[in-house]
>>> print(open('start.cif').read())   # mmCIF, N, CA and C atoms
data_model
#
loop_
_atom_site.label_atom_id
_atom_site.label_comp_id
_atom_site.auth_asym_id
_atom_site.auth_seq_id
_atom_site.Cartn_x
_atom_site.Cartn_y
_atom_site.Cartn_z
N MET A 27 9.18 -10.78 8.42
CA MET A 27 8.15 -9.79 8.69
C MET A 27 6.98 -10.39 9.47
N ASN A 28 6.67 -11.66 9.24
CA ASN A 28 5.54 -12.28 9.92
C ASN A 28 5.77 -12.41 11.42
N GLU A 29 7.00 -12.37 11.87
CA GLU A 29 7.31 -12.53 13.28
C GLU A 29 7.32 -11.20 14.03
N ILE A 30 7.19 -10.09 13.34
CA ILE A 30 7.21 -8.78 13.98
C ILE A 30 5.77 -8.38 14.32
N ASP A 31 5.58 -7.93 15.56
CA ASP A 31 4.26 -7.52 16.01
C ASP A 31 4.08 -6.02 15.75
N PHE A 32 3.23 -5.69 14.79
CA PHE A 32 2.98 -4.30 14.44
C PHE A 32 1.72 -3.74 15.11
N SER A 33 1.13 -4.48 16.05
CA SER A 33 -0.14 -4.07 16.65
C SER A 33 -0.05 -2.71 17.36
N GLU A 34 1.11 -2.37 17.91
CA GLU A 34 1.26 -1.08 18.59
C GLU A 34 1.17 0.09 17.61
N PHE A 35 1.45 -0.15 16.34
CA PHE A 35 1.36 0.91 15.33
C PHE A 35 -0.07 1.17 14.90
N LYS A 36 -0.94 0.20 15.07
CA LYS A 36 -2.32 0.32 14.62
C LYS A 36 -3.07 1.45 15.34
N LYS A 37 -2.89 1.56 16.64
CA LYS A 37 -3.63 2.54 17.45
C LYS A 37 -3.44 3.98 16.95
N PRO A 38 -2.21 4.48 16.76
CA PRO A 38 -2.07 5.86 16.28
C PRO A 38 -2.67 6.08 14.88
N PHE A 39 -2.60 5.05 14.04
CA PHE A 39 -3.20 5.19 12.71
C PHE A 39 -4.70 5.40 12.82
N LEU A 40 -5.35 4.62 13.68
CA LEU A 40 -6.79 4.71 13.81
C LEU A 40 -7.23 5.95 14.57
N GLU A 41 -6.44 6.39 15.55
CA GLU A 41 -6.81 7.55 16.36
C GLU A 41 -6.47 8.88 15.71
N LYS A 42 -5.35 8.95 15.02
CA LYS A 42 -4.88 10.23 14.50
C LYS A 42 -4.81 10.30 12.98
N GLY A 43 -4.99 9.17 12.33
CA GLY A 43 -4.90 9.13 10.87
C GLY A 43 -6.15 9.68 10.20
N LYS A 44 -6.05 9.85 8.92
CA LYS A 44 -7.17 10.33 8.11
C LYS A 44 -7.76 9.15 7.36
N SER A 45 -9.06 9.00 7.43
CA SER A 45 -9.73 7.89 6.75
C SER A 45 -10.01 8.27 5.30
N ILE A 46 -9.56 7.44 4.39
CA ILE A 46 -9.76 7.67 2.95
C ILE A 46 -10.34 6.41 2.34
N GLU A 47 -11.34 6.56 1.50
CA GLU A 47 -11.93 5.42 0.80
C GLU A 47 -11.33 5.33 -0.59
N PHE A 48 -10.98 4.13 -0.98
CA PHE A 48 -10.47 3.85 -2.31
C PHE A 48 -11.48 2.97 -3.03
N LYS A 49 -11.85 3.36 -4.22
CA LYS A 49 -12.69 2.52 -5.07
C LYS A 49 -11.82 1.48 -5.76
N LYS A 50 -12.43 0.40 -6.17
CA LYS A 50 -11.69 -0.64 -6.88
C LYS A 50 -10.94 -0.01 -8.04
N ARG A 51 -9.67 -0.33 -8.19
CA ARG A 51 -8.74 0.12 -9.21
C ARG A 51 -8.13 1.50 -8.94
N ASP A 52 -8.51 2.18 -7.86
CA ASP A 52 -7.86 3.44 -7.50
C ASP A 52 -6.42 3.15 -7.08
N TYR A 53 -5.53 4.07 -7.41
CA TYR A 53 -4.12 3.92 -7.06
C TYR A 53 -3.84 4.48 -5.66
N PHE A 54 -3.06 3.74 -4.89
CA PHE A 54 -2.47 4.25 -3.66
C PHE A 54 -1.15 4.93 -4.01
N VAL A 55 -0.39 4.29 -4.90
CA VAL A 55 0.83 4.87 -5.45
C VAL A 55 1.05 4.25 -6.83
N ARG A 56 1.65 5.02 -7.72
CA ARG A 56 1.98 4.53 -9.06
C ARG A 56 3.47 4.24 -9.16
N GLN A 57 3.79 3.23 -9.92
CA GLN A 57 5.19 2.86 -10.15
C GLN A 57 5.95 4.07 -10.68
N ASN A 58 7.14 4.28 -10.18
CA ASN A 58 8.06 5.37 -10.54
C ASN A 58 7.70 6.72 -9.91
N GLU A 59 6.61 6.80 -9.16
CA GLU A 59 6.27 8.01 -8.43
C GLU A 59 6.58 7.78 -6.96
N PRO A 60 6.96 8.82 -6.22
CA PRO A 60 7.29 8.61 -4.81
C PRO A 60 6.05 8.25 -3.99
N CYS A 61 6.25 7.32 -3.06
CA CYS A 61 5.20 6.96 -2.11
C CYS A 61 5.27 7.97 -0.96
N LYS A 62 4.16 8.61 -0.64
CA LYS A 62 4.16 9.67 0.35
C LYS A 62 3.44 9.29 1.64
N PHE A 63 2.82 8.12 1.67
CA PHE A 63 2.00 7.76 2.82
C PHE A 63 2.16 6.29 3.19
N ILE A 64 1.82 5.99 4.43
CA ILE A 64 1.61 4.63 4.89
C ILE A 64 0.13 4.54 5.22
N GLY A 65 -0.50 3.47 4.80
CA GLY A 65 -1.91 3.30 5.10
C GLY A 65 -2.15 2.06 5.94
N PHE A 66 -3.22 2.10 6.70
CA PHE A 66 -3.69 0.92 7.42
C PHE A 66 -5.01 0.52 6.79
N VAL A 67 -5.11 -0.71 6.34
CA VAL A 67 -6.28 -1.19 5.62
C VAL A 67 -7.32 -1.67 6.62
N ARG A 68 -8.40 -0.90 6.77
CA ARG A 68 -9.49 -1.33 7.65
C ARG A 68 -10.29 -2.45 7.00
N SER A 69 -10.56 -2.29 5.71
CA SER A 69 -11.28 -3.33 4.97
C SER A 69 -10.85 -3.24 3.51
N GLY A 70 -10.94 -4.37 2.82
CA GLY A 70 -10.58 -4.39 1.41
C GLY A 70 -9.22 -5.02 1.17
N ILE A 71 -8.78 -4.91 -0.07
CA ILE A 71 -7.53 -5.53 -0.51
C ILE A 71 -6.80 -4.57 -1.44
N PHE A 72 -5.49 -4.48 -1.28
CA PHE A 72 -4.64 -3.73 -2.20
C PHE A 72 -3.69 -4.70 -2.87
N ARG A 73 -3.49 -4.52 -4.18
CA ARG A 73 -2.63 -5.39 -4.98
C ARG A 73 -1.38 -4.61 -5.38
N TYR A 74 -0.22 -5.22 -5.19
CA TYR A 74 1.06 -4.66 -5.60
C TYR A 74 1.44 -5.29 -6.94
N THR A 75 1.72 -4.47 -7.93
CA THR A 75 2.14 -4.98 -9.23
C THR A 75 3.34 -4.18 -9.71
N CYS A 76 4.09 -4.76 -10.62
CA CYS A 76 5.16 -4.01 -11.28
C CYS A 76 5.09 -4.31 -12.77
N ILE A 77 5.49 -3.33 -13.53
CA ILE A 77 5.50 -3.46 -14.99
C ILE A 77 6.97 -3.56 -15.40
N ASN A 78 7.29 -4.66 -16.10
CA ASN A 78 8.70 -4.88 -16.48
C ASN A 78 9.03 -4.07 -17.74
N ASN A 79 10.25 -4.20 -18.20
CA ASN A 79 10.73 -3.43 -19.36
C ASN A 79 9.98 -3.76 -20.65
N ASP A 80 9.35 -4.94 -20.70
CA ASP A 80 8.57 -5.33 -21.88
C ASP A 80 7.12 -4.86 -21.79
N GLY A 81 6.76 -4.17 -20.70
CA GLY A 81 5.39 -3.68 -20.53
C GLY A 81 4.43 -4.68 -19.93
N ASN A 82 4.95 -5.81 -19.46
CA ASN A 82 4.10 -6.83 -18.84
C ASN A 82 3.95 -6.54 -17.35
N GLU A 83 2.71 -6.65 -16.87
CA GLU A 83 2.42 -6.40 -15.47
C GLU A 83 2.46 -7.72 -14.69
N HIS A 84 3.12 -7.69 -13.52
CA HIS A 84 3.25 -8.87 -12.67
C HIS A 84 2.77 -8.54 -11.27
N ILE A 85 1.96 -9.41 -10.69
CA ILE A 85 1.52 -9.24 -9.30
C ILE A 85 2.66 -9.67 -8.40
N VAL A 86 3.03 -8.80 -7.45
CA VAL A 86 4.15 -9.09 -6.57
C VAL A 86 3.75 -9.11 -5.09
N GLY A 87 2.49 -8.79 -4.79
CA GLY A 87 2.08 -8.84 -3.39
C GLY A 87 0.69 -8.28 -3.16
N TYR A 88 0.22 -8.44 -1.92
CA TYR A 88 -1.09 -7.95 -1.50
C TYR A 88 -1.01 -7.39 -0.09
N SER A 89 -1.91 -6.47 0.21
CA SER A 89 -2.18 -6.05 1.58
C SER A 89 -3.67 -6.26 1.81
N PHE A 90 -4.00 -6.94 2.91
CA PHE A 90 -5.39 -7.26 3.23
C PHE A 90 -5.84 -6.44 4.44
N ALA A 91 -7.11 -6.59 4.82
CA ALA A 91 -7.65 -5.91 5.99
C ALA A 91 -6.77 -6.21 7.21
N GLU A 92 -6.62 -5.21 8.06
CA GLU A 92 -5.80 -5.28 9.27
C GLU A 92 -4.31 -5.36 8.95
N ASP A 93 -3.93 -4.84 7.78
CA ASP A 93 -2.54 -4.84 7.35
C ASP A 93 -2.17 -3.41 6.94
N PHE A 94 -0.90 -3.15 6.81
CA PHE A 94 -0.43 -1.85 6.35
C PHE A 94 -0.16 -1.91 4.85
N VAL A 95 -0.27 -0.75 4.19
CA VAL A 95 -0.02 -0.66 2.76
C VAL A 95 0.96 0.50 2.53
N CYS A 96 2.04 0.21 1.79
CA CYS A 96 3.06 1.23 1.55
C CYS A 96 4.17 0.62 0.69
N ASP A 97 4.86 1.46 -0.07
CA ASP A 97 6.13 1.07 -0.65
C ASP A 97 7.18 1.73 0.24
N TYR A 98 7.56 1.01 1.27
CA TYR A 98 8.40 1.57 2.32
C TYR A 98 9.73 2.12 1.81
N PRO A 99 10.48 1.40 0.98
CA PRO A 99 11.75 1.98 0.49
C PRO A 99 11.54 3.31 -0.24
N SER A 100 10.48 3.41 -1.03
CA SER A 100 10.19 4.66 -1.73
C SER A 100 9.88 5.78 -0.75
N LEU A 101 9.11 5.46 0.29
CA LEU A 101 8.73 6.44 1.30
C LEU A 101 9.96 6.97 2.03
N VAL A 102 10.81 6.09 2.47
CA VAL A 102 11.97 6.46 3.28
C VAL A 102 13.04 7.17 2.46
N LYS A 103 13.27 6.69 1.25
CA LYS A 103 14.36 7.23 0.42
C LYS A 103 13.91 8.34 -0.53
N HIS A 104 12.61 8.64 -0.54
CA HIS A 104 12.06 9.67 -1.43
C HIS A 104 12.39 9.39 -2.89
N LEU A 105 12.28 8.12 -3.26
CA LEU A 105 12.53 7.68 -4.63
C LEU A 105 11.23 7.20 -5.26
N GLY A 106 11.28 6.98 -6.57
CA GLY A 106 10.12 6.43 -7.25
C GLY A 106 9.80 5.03 -6.76
N SER A 107 8.53 4.75 -6.64
CA SER A 107 8.09 3.43 -6.18
C SER A 107 8.44 2.36 -7.21
N LEU A 108 8.81 1.20 -6.73
CA LEU A 108 9.09 0.08 -7.61
C LEU A 108 7.82 -0.64 -8.03
N THR A 109 6.70 -0.30 -7.39
CA THR A 109 5.45 -0.99 -7.67
C THR A 109 4.29 -0.02 -7.84
N ASN A 110 3.24 -0.51 -8.49
CA ASN A 110 1.93 0.13 -8.44
C ASN A 110 1.23 -0.50 -7.25
N ILE A 111 0.51 0.29 -6.48
CA ILE A 111 -0.33 -0.25 -5.43
C ILE A 111 -1.74 0.27 -5.71
N ARG A 112 -2.65 -0.67 -5.99
CA ARG A 112 -4.02 -0.31 -6.35
C ARG A 112 -5.01 -1.09 -5.52
N ALA A 113 -6.15 -0.47 -5.28
CA ALA A 113 -7.22 -1.16 -4.58
C ALA A 113 -7.76 -2.27 -5.48
N ALA A 114 -7.75 -3.50 -4.98
CA ALA A 114 -8.31 -4.63 -5.74
C ALA A 114 -9.81 -4.75 -5.48
N THR A 115 -10.27 -4.13 -4.40
CA THR A 115 -11.69 -4.06 -4.05
C THR A 115 -11.95 -2.67 -3.51
N ASN A 116 -13.19 -2.30 -3.33
CA ASN A 116 -13.48 -1.06 -2.61
C ASN A 116 -12.86 -1.20 -1.21
N SER A 117 -12.10 -0.21 -0.85
CA SER A 117 -11.32 -0.33 0.40
C SER A 117 -11.42 0.96 1.20
#
>>> encode(input="start.cif", output="structure tokens")
Amino acid sequence: MNEIDFSEFKKPFLEKGKSIEFKKRDYFVRQNEPCKFIGFVRSGIFRYTCINNDGNEHIVGYSFAEDFVCDYPSLVKHLGSLTNIRAATNS
């Protein structure tokens, strides 16, 4: 993924997308619910976590400023998200 240039996708997000502010701890998507959007992070940080069968939460990733945020498989397949995606800072 680091070798793919996504810069061409940034322009339509900024020109035609809707700007939404997330407060720290707000959910972008909840685990087991379908992800309906792709976001572009102008500022802030989003944390990806998953809760295992024992109820323990594990951090599995981050999206930072100038990055995209989404559970892509959930979005494409219209399935429940495998992760929680929450704002780790005001974003």
>>> resolve_selection(input="start.cif", expression="the PyMOL selection byres (((chain A and resi 106-115 and name CA) around 7) and name CA)", output="MDAnalysis selection string")
chainID A and resid 48:61 70:76 97 100 104:105 116:117
>>> closest_residue(input="start.cif", among="A:Leu101, A:Ile77, A:Ile85, A:Cys96", to="Ile64 (chain A)", atoms="only C-alpha atoms")
A:Cys96
>>> atom_distance(input="start.cif", atom1="CA of His84 (chain A)", atom2="atom N of Asp31 (chain A)")
28.3 Å
>>> atom_distance(input="start.cif", atom1="CA of Ser69 (chain A)", atom2="atom N of Ser45 (chain A)")
12.8 Å
>>> atom_distance(input="start.cif", atom1="CA of Phe90 (chain A)", atom2="CA of Val102 (chain A)")
22.1 Å
>>> closest_residue(input="start.cif", among="A:Lys44, A:Lys62, A:Lys103, A:Arg68", to="Ala91 (chain A)", atoms="all atoms listed in the file")
A:Arg68
>>> residues_near_point(input="start.cif", point="(-2.0, -0.5, 14.7)", cutoff="12 Å", atoms="only C-alpha atoms", output="JSON, numbers by chain")
{"A": [31, 32, 33, 34, 35, 36, 37, 38, 39, 40, 41, 42, 43, 64, 65, 66, 67, 68, 91, 92, 93, 94]}
>>> select_by_dssp(input="start.cif", residues="chain A", states="helix (DSSP H, G or I)", output="list in words")
Ser33, Glu34, Phe35, Lys36, Lys37, Pro38, Phe39, Leu40, Glu41, Lys42, Tyr98, Pro99, Ser100, Leu101, Val102 and Lys103 of chain A
>>> write_last_selection(input="start.cif", atoms="N, CA and C atoms", output="mmCIF file, in the coordinates of the input")
data_model
loop_
_atom_site.group_PDB
_atom_site.id
_atom_site.type_symbol
_atom_site.label_atom_id
_atom_site.label_comp_id
_atom_site.auth_asym_id
_atom_site.auth_seq_id
_atom_site.Cartn_x
_atom_site.Cartn_y
_atom_site.Cartn_z
ATOM 1 N N SER A 33 1.130 -4.480 16.050
ATOM 2 C CA SER A 33 -0.140 -4.070 16.650
ATOM 3 C C SER A 33 -0.050 -2.710 17.360
ATOM 4 N N GLU A 34 1.110 -2.370 17.910
ATOM 5 C CA GLU A 34 1.260 -1.080 18.590
ATOM 6 C C GLU A 34 1.170 0.090 17.610
ATOM 7 N N PHE A 35 1.450 -0.150 16.340
ATOM 8 C CA PHE A 35 1.360 0.910 15.330
ATOM 9 C C PHE A 35 -0.070 1.170 14.900
ATOM 10 N N LYS A 36 -0.940 0.200 15.070
ATOM 11 C CA LYS A 36 -2.320 0.320 14.620
ATOM 12 C C LYS A 36 -3.070 1.450 15.340
ATOM 13 N N LYS A 37 -2.890 1.560 16.640
ATOM 14 C CA LYS A 37 -3.630 2.540 17.450
ATOM 15 C C LYS A 37 -3.440 3.980 16.950
ATOM 16 N N PRO A 38 -2.210 4.480 16.760
ATOM 17 C CA PRO A 38 -2.070 5.860 16.280
ATOM 18 C C PRO A 38 -2.670 6.080 14.880
ATOM 19 N N PHE A 39 -2.600 5.050 14.040
ATOM 20 C CA PHE A 39 -3.200 5.190 12.710
ATOM 21 C C PHE A 39 -4.700 5.400 12.820
ATOM 22 N N LEU A 40 -5.350 4.620 13.680
ATOM 23 C CA LEU A 40 -6.790 4.710 13.810
ATOM 24 C C LEU A 40 -7.230 5.950 14.570
ATOM 25 N N GLU A 41 -6.440 6.390 15.550
ATOM 26 C CA GLU A 41 -6.810 7.550 16.360
ATOM 27 C C GLU A 41 -6.470 8.880 15.710
ATOM 28 N N LYS A 42 -5.350 8.950 15.020
ATOM 29 C CA LYS A 42 -4.880 10.230 14.500
ATOM 30 C C LYS A 42 -4.810 10.300 12.980
ATOM 31 N N TYR A 98 7.560 1.010 1.270
ATOM 32 C CA TYR A 98 8.400 1.570 2.320
ATOM 33 C C TYR A 98 9.730 2.120 1.810
ATOM 34 N N PRO A 99 10.480 1.400 0.980
ATOM 35 C CA PRO A 99 11.750 1.980 0.490
ATOM 36 C C PRO A 99 11.540 3.310 -0.240
ATOM 37 N N SER A 100 10.480 3.410 -1.030
ATOM 38 C CA SER A 100 10.190 4.660 -1.730
ATOM 39 C C SER A 100 9.880 5.780 -0.750
ATOM 40 N N LEU A 101 9.110 5.460 0.290
ATOM 41 C CA LEU A 101 8.730 6.440 1.300
ATOM 42 C C LEU A 101 9.960 6.970 2.030
ATOM 43 N N VAL A 102 10.810 6.090 2.470
ATOM 44 C CA VAL A 102 11.970 6.460 3.280
ATOM 45 C C VAL A 102 13.040 7.170 2.460
ATOM 46 N N LYS A 103 13.270 6.690 1.250
ATOM 47 C CA LYS A 103 14.360 7.230 0.420
ATOM 48 C C LYS A 103 13.910 8.340 -0.530
#
>>> select_by_dssp(input="start.cif", residues="chain A", states="strand (DSSP E or B)", output="MDAnalysis selection string")
chainID A and resid 53:55 60 65:67 72:77 83:89 93:95 106 110:113
>>> build_atoms(input="start.cif", residues="region 67-78 of chain A", atoms="all heavy atoms", output="tab-separated table (two decimals), in the frame of the given file")
chain	number	residue	atom	x	y	z
A	67	VAL	N	-5.11	-0.71	6.34
A	67	VAL	CA	-6.28	-1.19	5.62
A	67	VAL	C	-7.32	-1.67	6.62
A	67	VAL	O	-7.13	-2.70	7.27
A	67	VAL	CB	-5.91	-2.32	4.63
A	67	VAL	CG1	-7.13	-2.75	3.83
A	67	VAL	CG2	-4.78	-1.91	3.72
A	68	ARG	N	-8.40	-0.90	6.77
A	68	ARG	CA	-9.49	-1.33	7.65
A	68	ARG	C	-10.29	-2.45	7.00
A	68	ARG	O	-10.68	-3.41	7.65
A	68	ARG	CB	-10.42	-0.17	7.96
A	68	ARG	CG	-9.88	0.79	8.95
A	68	ARG	CD	-10.94	1.80	9.30
A	68	ARG	NE	-10.52	2.60	10.43
A	68	ARG	CZ	-11.24	3.56	10.92
A	68	ARG	NH1	-12.42	3.85	10.39
A	68	ARG	NH2	-10.81	4.25	11.95
A	69	SER	N	-10.56	-2.29	5.71
A	69	SER	CA	-11.28	-3.33	4.97
A	69	SER	C	-10.85	-3.24	3.51
A	69	SER	O	-10.42	-2.19	3.04
A	69	SER	CB	-12.79	-3.15	5.08
A	69	SER	OG	-13.20	-1.95	4.46
A	70	GLY	N	-10.94	-4.37	2.82
A	70	GLY	CA	-10.58	-4.39	1.41
A	70	GLY	C	-9.22	-5.02	1.17
A	70	GLY	O	-8.60	-5.58	2.08
A	71	ILE	N	-8.78	-4.91	-0.07
A	71	ILE	CA	-7.53	-5.53	-0.51
A	71	ILE	C	-6.80	-4.57	-1.44
A	71	ILE	O	-7.42	-3.95	-2.31
A	71	ILE	CB	-7.80	-6.85	-1.27
A	71	ILE	CG1	-8.57	-7.84	-0.39
A	71	ILE	CG2	-6.50	-7.47	-1.78
A	71	ILE	CD1	-9.09	-9.04	-1.15
A	72	PHE	N	-5.49	-4.48	-1.28
A	72	PHE	CA	-4.64	-3.73	-2.20
A	72	PHE	C	-3.69	-4.70	-2.87
A	72	PHE	O	-3.14	-5.60	-2.24
A	72	PHE	CB	-3.85	-2.65	-1.46
A	72	PHE	CG	-4.70	-1.47	-1.08
A	72	PHE	CD1	-5.46	-1.49	0.08
A	72	PHE	CD2	-4.74	-0.35	-1.89
A	72	PHE	CE1	-6.26	-0.42	0.43
A	72	PHE	CE2	-5.54	0.74	-1.55
A	72	PHE	CZ	-6.30	0.70	-0.38
A	73	ARG	N	-3.49	-4.52	-4.18
A	73	ARG	CA	-2.63	-5.39	-4.98
A	73	ARG	C	-1.38	-4.61	-5.38
A	73	ARG	O	-1.47	-3.48	-5.88
A	73	ARG	CB	-3.36	-5.86	-6.22
A	73	ARG	CG	-2.54	-6.76	-7.13
A	73	ARG	CD	-3.31	-7.18	-8.38
A	73	ARG	NE	-4.47	-7.98	-8.03
A	73	ARG	CZ	-5.72	-7.71	-8.42
A	73	ARG	NH1	-5.98	-6.68	-9.20
A	73	ARG	NH2	-6.71	-8.49	-8.06
A	74	TYR	N	-0.22	-5.22	-5.19
A	74	TYR	CA	1.06	-4.66	-5.60
A	74	TYR	C	1.44	-5.29	-6.94
A	74	TYR	O	1.49	-6.52	-7.05
A	74	TYR	CB	2.16	-4.99	-4.59
A	74	TYR	CG	2.01	-4.36	-3.23
A	74	TYR	CD1	0.97	-4.71	-2.37
A	74	TYR	CD2	2.92	-3.42	-2.80
A	74	TYR	CE1	0.85	-4.14	-1.11
A	74	TYR	CE2	2.82	-2.85	-1.53
A	74	TYR	CZ	1.77	-3.22	-0.70
A	74	TYR	OH	1.67	-2.64	0.54
A	75	THR	N	1.72	-4.47	-7.93
A	75	THR	CA	2.14	-4.98	-9.23
A	75	THR	C	3.34	-4.18	-9.71
A	75	THR	O	3.58	-3.05	-9.27
A	75	THR	CB	1.03	-4.87	-10.30
A	75	THR	OG1	0.71	-3.49	-10.53
A	75	THR	CG2	-0.22	-5.63	-9.89
A	76	CYS	N	4.09	-4.76	-10.62
A	76	CYS	CA	5.16	-4.01	-11.28
A	76	CYS	C	5.09	-4.31	-12.77
A	76	CYS	O	4.65	-5.38	-13.20
A	76	CYS	CB	6.53	-4.33	-10.71
A	76	CYS	SG	7.10	-5.99	-10.99
A	77	ILE	N	5.49	-3.33	-13.53
A	77	ILE	CA	5.50	-3.46	-14.99
A	77	ILE	C	6.97	-3.56	-15.40
A	77	ILE	O	7.78	-2.68	-15.10
A	77	ILE	CB	4.81	-2.27	-15.66
A	77	ILE	CG1	3.35	-2.21	-15.20
A	77	ILE	CG2	4.93	-2.37	-17.17
A	77	ILE	CD1	2.60	-0.99	-15.64
A	78	ASN	N	7.29	-4.66	-16.10
A	78	ASN	CA	8.70	-4.88	-16.48
A	78	ASN	C	9.03	-4.07	-17.74
A	78	ASN	O	8.20	-3.34	-18.29
A	78	ASN	CB	9.00	-6.37	-16.66
A	78	ASN	CG	8.25	-7.01	-17.81
A	78	ASN	OD1	7.72	-6.35	-18.69
A	78	ASN	ND2	8.23	-8.34	-17.81
